[in-house]
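Heads up, work37.txt below (compact mmCIF, C-alpha atoms):
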# COMPACT_ATOMS: atom_id res chain seq x y z
CA MET X 1 -11.71 86.47 56.93
CA ASN X 2 -9.44 83.78 58.35
CA ALA X 3 -9.66 80.25 59.81
CA GLN X 4 -10.77 81.62 63.20
CA ASP X 5 -13.63 83.56 61.59
CA CYS X 6 -14.76 80.31 59.94
CA LEU X 7 -14.77 78.53 63.32
CA GLN X 8 -16.81 81.41 64.78
CA THR X 9 -19.23 81.13 61.85
CA LEU X 10 -19.66 77.41 62.60
CA ARG X 11 -20.32 78.27 66.26
CA GLU X 12 -22.93 80.86 65.24
CA ILE X 13 -24.64 78.34 62.93
CA LYS X 14 -24.34 75.94 65.91
CA ASP X 15 -26.36 73.03 64.45
CA VAL X 16 -23.88 71.71 61.91
CA SER X 17 -23.55 68.39 60.08
CA PHE X 18 -20.74 66.02 61.06
CA ALA X 19 -19.60 63.30 58.65
CA THR X 20 -17.58 60.27 59.74
CA VAL X 21 -16.64 56.95 58.16
CA ASP X 22 -18.10 53.77 59.70
CA GLN X 23 -16.46 50.36 60.12
CA GLU X 24 -17.58 49.35 56.63
CA GLY X 25 -15.90 52.41 55.11
CA HIS X 26 -19.24 54.11 54.36
CA PRO X 27 -20.06 57.74 55.18
CA GLN X 28 -22.29 58.48 58.16
CA ILE X 29 -23.74 61.84 59.08
CA ARG X 30 -25.66 63.58 61.88
CA ILE X 31 -26.32 67.08 63.18
CA ILE X 32 -24.26 68.04 66.23
CA ASP X 33 -23.98 71.35 68.08
CA VAL X 34 -20.71 73.25 67.95
CA MET X 35 -20.39 73.78 71.70
CA LEU X 36 -17.41 76.11 72.08
CA VAL X 37 -14.82 77.78 69.90
CA GLY X 38 -11.41 78.66 71.32
CA GLU X 39 -8.29 80.00 69.65
CA GLY X 40 -7.86 77.70 66.65
CA ALA X 41 -10.06 75.00 68.16
CA LEU X 42 -13.67 73.81 67.88
CA TYR X 43 -15.26 71.76 70.68
CA PHE X 44 -18.25 69.41 70.63
CA CYS X 45 -19.42 66.44 72.65
CA THR X 46 -21.26 63.18 72.18
CA SER X 47 -22.35 60.34 74.40
CA ARG X 48 -20.42 57.12 74.80
CA GLY X 49 -23.35 54.94 73.67
CA LYS X 50 -23.63 56.38 70.18
CA ASP X 51 -22.25 54.90 66.96
CA PHE X 52 -20.83 58.40 66.29
CA HIS X 53 -18.61 58.09 69.41
CA ALA X 54 -17.30 54.67 68.33
CA GLN X 55 -16.62 56.00 64.82
CA LEU X 56 -14.59 58.94 66.20
CA LEU X 57 -12.40 56.63 68.28
CA ARG X 58 -11.87 54.24 65.35
CA ASP X 59 -11.15 56.91 62.71
CA PRO X 60 -10.67 60.53 63.83
CA HIS X 61 -11.22 62.05 60.38
CA VAL X 62 -14.37 64.18 60.28
CA ALA X 63 -15.86 66.73 57.91
CA ILE X 64 -18.23 69.43 59.16
CA VAL X 65 -20.47 71.81 57.28
CA GLY X 66 -23.05 74.41 58.19
CA MET X 67 -24.90 77.19 56.42
CA THR X 68 -25.81 80.65 57.68
CA ARG X 69 -29.25 82.16 57.04
CA ASP X 70 -27.79 84.20 54.18
CA PHE X 71 -26.39 81.12 52.40
CA LYS X 72 -22.76 81.26 53.49
CA MET X 73 -21.39 77.74 53.84
CA ALA X 74 -18.58 77.09 56.34
CA ARG X 75 -16.78 73.78 56.08
CA LEU X 76 -14.04 72.06 58.06
CA ALA X 77 -12.28 68.78 57.29
CA GLY X 78 -9.91 67.66 60.00
CA GLU X 79 -9.00 65.27 62.78
CA VAL X 80 -10.75 64.95 66.10
CA ARG X 81 -9.05 64.43 69.47
CA PHE X 82 -10.73 63.23 72.65
CA VAL X 83 -10.17 65.89 75.33
CA THR X 84 -8.47 63.81 78.02
CA ASN X 85 -7.51 66.69 80.34
CA ASP X 86 -10.33 66.80 82.95
CA PRO X 87 -13.23 65.88 80.63
CA HIS X 88 -15.89 66.53 83.32
CA ALA X 89 -14.73 70.15 83.66
CA TRP X 90 -14.99 70.55 79.89
CA ILE X 91 -18.54 69.11 79.91
CA ASP X 92 -19.47 71.55 82.71
CA ARG X 93 -18.04 74.44 80.72
CA ILE X 94 -19.95 73.29 77.63
CA PHE X 95 -23.24 73.10 79.59
CA GLU X 96 -22.66 76.61 80.98
CA GLN X 97 -22.37 77.94 77.44
CA ASN X 98 -25.23 75.78 76.11
CA PRO X 99 -27.90 75.71 78.84
CA SER X 100 -30.51 73.90 76.72
CA MET X 101 -28.33 70.80 76.97
CA ASP X 102 -29.72 70.38 80.50
CA ASP X 103 -33.13 69.54 79.02
CA VAL X 104 -31.69 66.57 77.15
CA TYR X 105 -29.12 65.44 79.74
CA PRO X 106 -30.39 66.59 83.16
CA GLY X 107 -28.32 66.34 86.35
CA GLN X 108 -25.41 63.94 86.44
CA SER X 109 -26.43 62.28 83.17
CA ARG X 110 -24.34 64.92 81.36
CA TYR X 111 -21.20 62.94 82.15
CA VAL X 112 -22.15 60.23 79.67
CA LEU X 113 -20.97 62.85 77.16
CA ASP X 114 -17.31 63.01 76.18
CA PRO X 115 -15.68 66.25 74.95
CA PHE X 116 -13.84 66.32 71.62
CA VAL X 117 -11.77 69.01 69.92
CA ILE X 118 -10.70 69.73 66.33
CA ASP X 119 -7.64 71.97 66.04
CA ASN X 120 -6.11 70.67 62.82
CA GLY X 121 -7.57 70.62 59.35
CA CYS X 122 -8.69 72.61 56.35
CA VAL X 123 -11.40 75.25 56.54
CA GLU X 124 -13.42 76.69 53.68
CA LEU X 125 -15.92 79.49 53.39
CA PHE X 126 -18.23 79.39 50.37
CA ASP X 127 -20.74 82.17 49.67
CA LEU X 128 -23.45 81.23 47.20
CA GLY X 129 -25.49 84.35 48.05
CA VAL X 130 -23.28 86.72 46.03
CA SER X 131 -22.65 86.96 42.29
CA PRO X 132 -20.12 85.77 41.33
CA ILE X 133 -19.95 83.19 44.11
CA TYR X 134 -17.07 83.60 46.56
CA ARG X 135 -14.88 80.99 48.25
CA GLN X 136 -11.74 81.00 50.37
CA THR X 137 -9.71 78.21 51.99
CA PHE X 138 -7.60 78.37 55.15
CA SER X 139 -5.36 76.02 57.10
CA LEU X 140 -6.26 75.24 60.71
CA GLY X 141 -3.30 74.30 62.91
CA GLY X 142 -0.89 74.21 59.97
CA ALA X 143 -2.59 71.33 58.13
CA PRO X 144 -2.06 71.30 54.35
CA THR X 145 -4.94 72.69 52.29
CA HIS X 146 -6.14 70.60 49.37
CA LEU X 147 -6.31 72.44 46.04
CA GLN X 148 -9.58 72.06 44.13
CA GLY X 149 -10.86 73.23 40.79
CA PHE X 150 -8.88 74.03 37.65
CA GLN X 151 -6.01 76.13 36.31
CA ILE X 152 -5.06 77.34 32.84
CA THR X 153 -1.56 76.37 31.72
CA ASP X 154 0.89 77.99 29.29
CA ALA X 155 -0.58 75.80 26.53
CA CYS X 156 -3.38 78.43 26.36
CA ILE X 157 -3.78 79.86 22.83
CA GLY X 158 -5.87 82.82 24.00
CA CYS X 159 -9.01 81.90 22.03
CA GLY X 160 -11.35 82.84 24.91
CA THR X 161 -13.57 79.74 24.66
CA CYS X 162 -13.14 79.14 28.42
CA ALA X 163 -14.21 82.69 29.33
CA ARG X 164 -17.29 82.49 27.08
CA ASN X 165 -18.33 79.20 28.68
CA CYS X 166 -17.77 80.21 32.33
CA PRO X 167 -21.18 80.52 34.07
CA GLN X 168 -19.64 82.81 36.72
CA GLN X 169 -17.73 85.04 34.27
CA CYS X 170 -14.60 84.57 36.37
CA ILE X 171 -11.98 83.94 33.65
CA THR X 172 -9.93 86.93 32.50
CA PRO X 173 -7.84 87.33 29.30
CA GLY X 174 -4.04 87.14 29.49
CA LYS X 175 -1.13 84.93 28.52
CA PRO X 176 -2.38 82.48 29.65
CA PHE X 177 -6.03 83.29 30.49
CA ALA X 178 -6.59 83.09 34.28
CA ILE X 179 -9.32 81.72 36.54
CA ALA X 180 -10.24 83.88 39.55
CA GLN X 181 -10.10 80.96 41.97
CA GLU X 182 -12.10 82.77 44.66
CA HIS X 183 -15.09 82.99 42.30
CA CYS X 184 -14.84 79.55 40.68
CA LEU X 185 -17.69 77.01 41.01
CA HIS X 186 -15.35 74.13 40.03
CA CYS X 187 -18.01 73.16 37.49
CA GLY X 188 -15.50 72.11 34.83
CA LEU X 189 -17.06 73.80 31.77
CA CYS X 190 -13.80 75.61 30.88
CA TYR X 191 -11.91 72.31 31.16
CA GLU X 192 -14.44 70.45 28.98
CA ASN X 193 -14.53 73.14 26.27
CA CYS X 194 -10.86 74.13 25.87
CA PRO X 195 -9.97 73.20 22.27
CA VAL X 196 -6.29 72.55 23.12
CA GLN X 197 -6.63 70.89 26.55
CA ALA X 198 -4.74 73.78 28.16
CA ILE X 199 -6.82 73.55 31.35
CA VAL X 200 -5.91 71.03 34.06
CA LYS X 201 -7.34 69.93 37.40
CA ARG X 202 -5.58 71.33 40.45
CA GLY X 203 -4.62 69.16 43.43
CA MET A 1 -44.76 58.97 59.03
CA ASN A 2 -43.00 56.76 56.50
CA ALA A 3 -39.92 56.79 54.25
CA GLN A 4 -41.72 58.95 51.66
CA ASP A 5 -42.55 61.57 54.32
CA CYS A 6 -38.84 61.68 55.25
CA LEU A 7 -37.90 62.27 51.60
CA GLN A 8 -40.49 65.07 51.43
CA THR A 9 -39.04 66.55 54.62
CA LEU A 10 -35.58 66.55 53.03
CA ARG A 11 -37.03 68.30 49.95
CA GLU A 12 -38.70 70.92 52.15
CA ILE A 13 -35.43 71.54 54.03
CA LYS A 14 -33.85 71.65 50.53
CA ASP A 15 -30.32 72.70 51.59
CA VAL A 16 -29.07 69.45 53.11
CA SER A 17 -25.61 68.12 53.88
CA PHE A 18 -24.18 65.31 51.74
CA ALA A 19 -21.33 63.15 53.04
CA THR A 20 -19.14 61.02 50.79
CA VAL A 21 -15.84 59.17 51.20
CA ASP A 22 -12.83 60.44 49.23
CA GLN A 23 -10.06 58.43 47.58
CA GLU A 24 -8.10 58.42 50.85
CA GLY A 25 -11.04 56.92 52.72
CA HIS A 26 -11.76 60.18 54.58
CA PRO A 27 -15.19 61.77 54.93
CA GLN A 28 -16.03 64.80 52.80
CA ILE A 29 -19.11 66.97 53.13
CA ARG A 30 -20.94 69.80 51.37
CA ILE A 31 -24.40 71.34 51.19
CA ILE A 32 -26.43 70.35 48.14
CA ASP A 33 -30.03 71.12 47.22
CA VAL A 34 -32.55 68.29 47.12
CA MET A 35 -33.93 69.07 43.68
CA LEU A 36 -36.88 66.70 43.29
CA VAL A 37 -38.58 63.94 45.23
CA GLY A 38 -40.48 61.22 43.38
CA GLU A 39 -42.09 58.02 44.64
CA GLY A 40 -39.35 56.43 46.77
CA ALA A 41 -36.62 58.50 45.11
CA LEU A 42 -34.63 61.66 45.83
CA TYR A 43 -32.92 63.57 43.00
CA PHE A 44 -30.03 66.02 43.08
CA CYS A 45 -27.37 67.18 40.64
CA THR A 46 -23.76 68.27 40.64
CA SER A 47 -21.28 69.41 38.02
CA ARG A 48 -18.76 67.13 36.40
CA GLY A 49 -15.79 69.29 37.50
CA LYS A 50 -16.34 68.87 41.23
CA ASP A 51 -14.55 66.48 43.59
CA PHE A 52 -18.05 65.54 44.81
CA HIS A 53 -18.91 64.18 41.33
CA ALA A 54 -15.73 62.10 41.17
CA GLN A 55 -16.39 60.76 44.68
CA LEU A 56 -19.94 59.67 43.71
CA LEU A 57 -18.67 57.74 40.69
CA ARG A 58 -15.88 56.09 42.71
CA ASP A 59 -18.02 55.15 45.73
CA PRO A 60 -21.80 55.59 45.51
CA HIS A 61 -22.38 55.45 49.27
CA VAL A 62 -23.68 58.75 50.61
CA ALA A 63 -25.26 59.97 53.82
CA ILE A 64 -27.57 62.98 53.87
CA VAL A 65 -28.93 65.01 56.75
CA GLY A 66 -31.02 68.14 57.14
CA MET A 67 -32.89 69.88 59.93
CA THR A 68 -36.25 71.65 59.85
CA ARG A 69 -36.77 75.00 61.58
CA ASP A 70 -38.44 73.20 64.48
CA PHE A 71 -35.44 70.89 65.04
CA LYS A 72 -36.61 67.74 63.27
CA MET A 73 -33.63 65.97 61.73
CA ALA A 74 -34.17 63.84 58.61
CA ARG A 75 -31.39 61.52 57.60
CA LEU A 76 -30.77 59.15 54.70
CA ALA A 77 -27.88 56.74 54.19
CA GLY A 78 -27.92 55.00 50.84
CA GLU A 79 -26.46 54.49 47.41
CA VAL A 80 -26.48 56.97 44.55
CA ARG A 81 -27.10 56.15 40.88
CA PHE A 82 -26.26 58.39 37.94
CA VAL A 83 -29.49 59.00 35.99
CA THR A 84 -28.47 57.75 32.54
CA ASN A 85 -31.91 57.91 30.90
CA ASP A 86 -31.94 61.29 29.10
CA PRO A 87 -29.93 63.29 31.65
CA HIS A 88 -30.54 66.63 29.87
CA ALA A 89 -34.30 66.21 30.24
CA TRP A 90 -33.81 65.54 33.96
CA ILE A 91 -31.67 68.67 34.31
CA ASP A 92 -34.37 70.70 32.51
CA ARG A 93 -37.02 69.27 34.85
CA ILE A 94 -34.83 70.11 37.86
CA PHE A 95 -34.33 73.71 36.66
CA GLU A 96 -38.10 74.10 36.14
CA GLN A 97 -38.68 73.12 39.76
CA ASN A 98 -35.70 75.14 41.07
CA PRO A 99 -35.62 78.38 39.03
CA SER A 100 -32.86 80.01 41.13
CA MET A 101 -30.44 77.48 39.60
CA ASP A 102 -30.50 79.65 36.47
CA ASP A 103 -28.61 82.38 38.36
CA VAL A 104 -25.71 80.03 39.04
CA TYR A 105 -25.77 78.07 35.77
CA PRO A 106 -27.30 80.37 33.11
CA GLY A 107 -28.23 79.21 29.61
CA GLN A 108 -26.62 76.07 28.27
CA SER A 109 -24.10 75.90 31.12
CA ARG A 110 -26.71 73.87 33.07
CA TYR A 111 -25.69 70.76 31.15
CA VAL A 112 -22.37 70.58 32.98
CA LEU A 113 -24.57 69.24 35.78
CA ASP A 114 -25.32 65.53 35.97
CA PRO A 115 -28.50 64.20 37.64
CA PHE A 116 -28.27 61.58 40.39
CA VAL A 117 -30.93 59.61 42.26
CA ILE A 118 -31.07 57.78 45.60
CA ASP A 119 -33.82 55.15 45.79
CA ASN A 120 -32.25 52.62 48.14
CA GLY A 121 -31.13 53.11 51.72
CA CYS A 122 -32.12 53.70 55.30
CA VAL A 123 -34.07 56.78 56.39
CA GLU A 124 -34.37 58.18 59.91
CA LEU A 125 -36.42 60.93 61.44
CA PHE A 126 -35.17 62.33 64.75
CA ASP A 127 -37.11 64.99 66.65
CA LEU A 128 -35.10 66.75 69.33
CA GLY A 129 -37.79 69.43 69.76
CA VAL A 130 -40.10 67.19 71.82
CA SER A 131 -39.68 65.65 75.24
CA PRO A 132 -38.90 62.79 75.31
CA ILE A 133 -37.09 62.92 71.99
CA TYR A 134 -38.64 60.90 69.17
CA ARG A 135 -37.01 58.84 66.43
CA GLN A 136 -38.15 56.40 63.79
CA THR A 137 -36.29 54.44 61.09
CA PHE A 138 -37.57 53.29 57.70
CA SER A 139 -36.27 51.29 54.77
CA LEU A 140 -36.11 52.97 51.35
CA GLY A 141 -36.35 50.59 48.41
CA GLY A 142 -36.14 47.51 50.63
CA ALA A 143 -32.64 48.18 51.98
CA PRO A 144 -31.92 46.66 55.41
CA THR A 145 -32.18 49.09 58.33
CA HIS A 146 -29.27 49.13 60.78
CA LEU A 147 -30.29 48.71 64.43
CA GLN A 148 -28.79 51.27 66.81
CA GLY A 149 -28.91 51.79 70.55
CA PHE A 150 -29.45 49.20 73.26
CA GLN A 151 -31.80 46.48 74.47
CA ILE A 152 -32.42 44.86 77.83
CA THR A 153 -32.03 41.08 77.87
CA ASP A 154 -33.60 38.37 80.03
CA ALA A 155 -30.60 38.69 82.38
CA CYS A 156 -32.43 41.74 83.84
CA ILE A 157 -32.98 41.42 87.61
CA GLY A 158 -35.57 44.20 87.72
CA CYS A 159 -33.58 46.51 90.02
CA GLY A 160 -34.56 49.65 88.08
CA THR A 161 -31.07 51.18 87.97
CA CYS A 162 -31.40 51.67 84.22
CA ALA A 163 -34.74 53.50 84.48
CA ARG A 164 -33.39 55.81 87.22
CA ASN A 165 -30.35 56.70 85.07
CA CYS A 166 -32.21 57.28 81.79
CA PRO A 167 -32.12 61.03 80.97
CA GLN A 168 -35.22 60.66 78.76
CA GLN A 169 -37.23 58.53 81.21
CA CYS A 170 -37.92 56.03 78.47
CA ILE A 171 -37.34 52.72 80.29
CA THR A 172 -40.41 50.97 81.71
CA PRO A 173 -40.56 48.19 84.37
CA GLY A 174 -41.24 44.61 83.29
CA LYS A 175 -39.61 41.22 82.98
CA PRO A 176 -37.23 42.30 81.57
CA PHE A 177 -37.38 46.12 81.78
CA ALA A 178 -37.86 47.63 78.30
CA ILE A 179 -36.42 50.61 76.42
CA ALA A 180 -38.93 52.61 74.35
CA GLN A 181 -36.69 52.65 71.29
CA GLU A 182 -38.55 55.55 69.66
CA HIS A 183 -37.60 57.81 72.58
CA CYS A 184 -34.02 56.57 73.16
CA LEU A 185 -31.04 58.97 72.80
CA HIS A 186 -28.62 56.01 72.46
CA CYS A 187 -26.56 57.71 75.17
CA GLY A 188 -25.53 54.45 76.85
CA LEU A 189 -26.17 55.42 80.49
CA CYS A 190 -28.41 52.36 81.10
CA TYR A 191 -25.76 50.11 79.58
CA GLU A 192 -22.96 51.63 81.68
CA ASN A 193 -24.92 51.44 84.95
CA CYS A 194 -26.59 48.02 84.80
CA PRO A 195 -25.15 46.05 87.76
CA VAL A 196 -25.52 42.69 85.97
CA GLN A 197 -24.61 43.64 82.39
CA ALA A 198 -28.11 42.74 81.22
CA ILE A 199 -28.11 45.54 78.63
CA VAL A 200 -26.49 44.97 75.24
CA LYS A 201 -25.84 47.02 72.11
CA ARG A 202 -28.23 46.37 69.23
CA GLY A 203 -27.00 45.85 65.67

Turn this file's structure into structure tokens for me.
Amino acid sequence: MNAQDCLQTLREIKDVSFATVDQEGHPQIRIIDVMLVGEGALYFCTSRGKDFHAQLLRDPHVAIVGMTRDFKMARLAGEVRFVTNDPHAWIDRIFEQNPSMDDVYPGQSRYVLDPFVIDNGCVELFDLGVSPIYRQTFSLGGAPTHLQGFQITDACIGCGTCARNCPQQCITPGKPFAIAQEHCLHCGLCYENCPVQAIVKRG
Amino acid sequence: MNAQDCLQTLREIKDVSFATVDQEGHPQIRIIDVMLVGEGALYFCTSRGKDFHAQLLRDPHVAIVGMTRDFKMARLAGEVRFVTNDPHAWIDRIFEQNPSMDDVYPGQSRYVLDPFVIDNGCVELFDLGVSPIYRQTFSLGGAPTHLQGFQITDACIGCGTCARNCPQQCITPGKPFAIAQEHCLHCGLCYENCPVQAIVKRG
């Protein structure tokens, strides 16, 4: 699995949720089709009349999430760019790959849509359908990845309270004890129960 | 259809996307289960260790969206409240209604989850599976609803350019011409093509 596989997963899910921030600083959300995936790049489009379009031009930060039928969640947080290089050709290419778009925007009306690309950000795959759960994070286009969850420091006294409290059984003994980050829910029970505060938030 | 029906639709979809704003002012997103729906209220929970939890306490504005199998999108933008009145009893009630939660948070580990409610905001239903598309907006808990899209003003000269350009055929002749708001894509083609700038953005 890598960042490209995550983009392909988002394309296969197709109807994914896009979050933006509006002019009041509040989150906004809608479902948008992932129209194309290229090498390290995800393409979508929206029409110039929509609040979504205005939000993208004002603040290019977006977060996308979708879920497969078997409960794998693919997530991308990154920055959007308007595709300025021959946008009509990009819209034509998008309609070729997504023929049902013609039902919504027949004929020339398709050109009220503008193409956008995301090729920079942080991608995560999260599988809640396996036990223990599984997650992995990747950089897209060299963007820094934000650390989440917890880690056990050298202040660990080896009492095992964290491991006994972990609902995913993903903490193993050692000096110090260690959290298997790829199986961690980020629930915080180890952190709350450590008797010597040896567990800290990452990131 | 009313706001309560939209909440029920979100509960039936169950796995919906939640958008928040992080400490840097950027959108963040994840899939969360709608756990319960009461009269005018939607309940969910998340664990105290997650970034999502910290974001909710810092800024209670959230936006939620989900899609049914037949392409109806239900959306809610509103404010979240932590349920302070006997949170453990709420978590127990949530686990009764959502037994698969026990696989992820077995035994007492469930109490690392905190219950939250949304009972104030703006709800929208958007059906892309019909032609023309259909949308309707409702207030939840008396919150103001934000107007979107366009309207035709008295400056209309009745030329019909807007109606000919509308991809959903939802503009009808009159003095002035009128947009059937419940069928409008908000694409902006009428606005862009009006020869006398008689069409304005709403809201």

Nearby residues (all atoms listed in the file) at most 6 Å from range 122-137 of chain A, same-chain spacing under 2 positions excluded, as a compact mmCIF listing (two decimals) with C-alpha atoms, in the coordinates of the input:
# COMPACT_ATOMS: atom_id res chain seq x y z
CA PHE A 71 -35.44 70.89 65.04
CA LYS A 72 -36.61 67.74 63.27
CA MET A 73 -33.63 65.97 61.73
CA ALA A 74 -34.17 63.84 58.61
CA ARG A 75 -31.39 61.52 57.60
CA LEU A 76 -30.77 59.15 54.70
CA ALA A 77 -27.88 56.74 54.19
CA SER A 139 -36.27 51.29 54.77
CA LEU A 140 -36.11 52.97 51.35
CA THR A 145 -32.18 49.09 58.33
CA GLN A 168 -35.22 60.66 78.76
CA GLU A 182 -38.55 55.55 69.66
CA HIS A 183 -37.60 57.81 72.58

Item to check | Exercise answer, chain A residues close to chain X, 6 Å and all atoms listed in the file, as a list in words | outcome: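 Listing them in order of chain and number gives Ala19, Thr20, Val21, Pro27, Gln28, Ile29, Ser47, Gly49, Lys50, Val62, Ala63, Tyr105, Pro167, His186, Cys187 and Gly188 of chain A.
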
Next on the checklist: So that I can check the surroundings of Ile171 in chain X, please list as JSON, numbers by chain every protein, DNA and RNA residue that reaches within 8 Å of it, counting all atoms listed in the file and ignoring chain neighbours fewer than 6 positions away.
Outcome noted: {"X": [162, 163, 177, 178, 179, 180]}

Checklist entry - CA of Asn193 in chain X to CA of Arg58 in chain A: how many Å, to one decimal? => result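 These atoms are spaced 23.7 Å apart.
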
Checklist entry - Counting all atoms listed in the file, what is within 8 Å of Leu7 in chain X, bar same-chain residues fewer than 6 positions away, as a list in words? => result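 In the requested format, the answer is Val37, Gly40, Ala41 and Leu42 of chain X.
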
Next on the checklist: Please report the interatomic distance between CA of Asn85 in chain X and CA of Asn98 in chain X in Å with one decimal.
Outcome noted: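 Interatomic distance here is 20.4 Å.
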
Next on the checklist: Would you compute the distance between CA of Phe82 in chain X and CA of Pro115 in chain X? Give it in Å to one decimal.
Outcome noted: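 CA of Phe82 in chain X sits 6.2 Å away from CA of Pro115 in chain X.
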
Item to check | Local residues around (-29.7, 58.5, 36.7), at most 12 Å away, using all atoms listed in the file, as JSON, numbers by chain | outcome: {"A": [41, 42, 43, 44, 45, 57, 79, 80, 81, 82, 83, 84, 85, 86, 87, 88, 89, 90, 91, 113, 114, 115, 116, 117, 118, 119]}

Checklist entry - Which of these residues is nearest to Ile13 in chain A, using only C-alpha atoms: A:Met1, A:Ile32, A:Ile152, A:Val196? => result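 Counting only C-alpha atoms, the residue closest to Ile13 in chain A is A:Ile32.
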
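The residue that comes closest to Ala143 in chain X, out of X:Ala54, X:Ala3, X:Val200, X:Met101 and on the basis of only C-alpha atoms, is X:Ala3.
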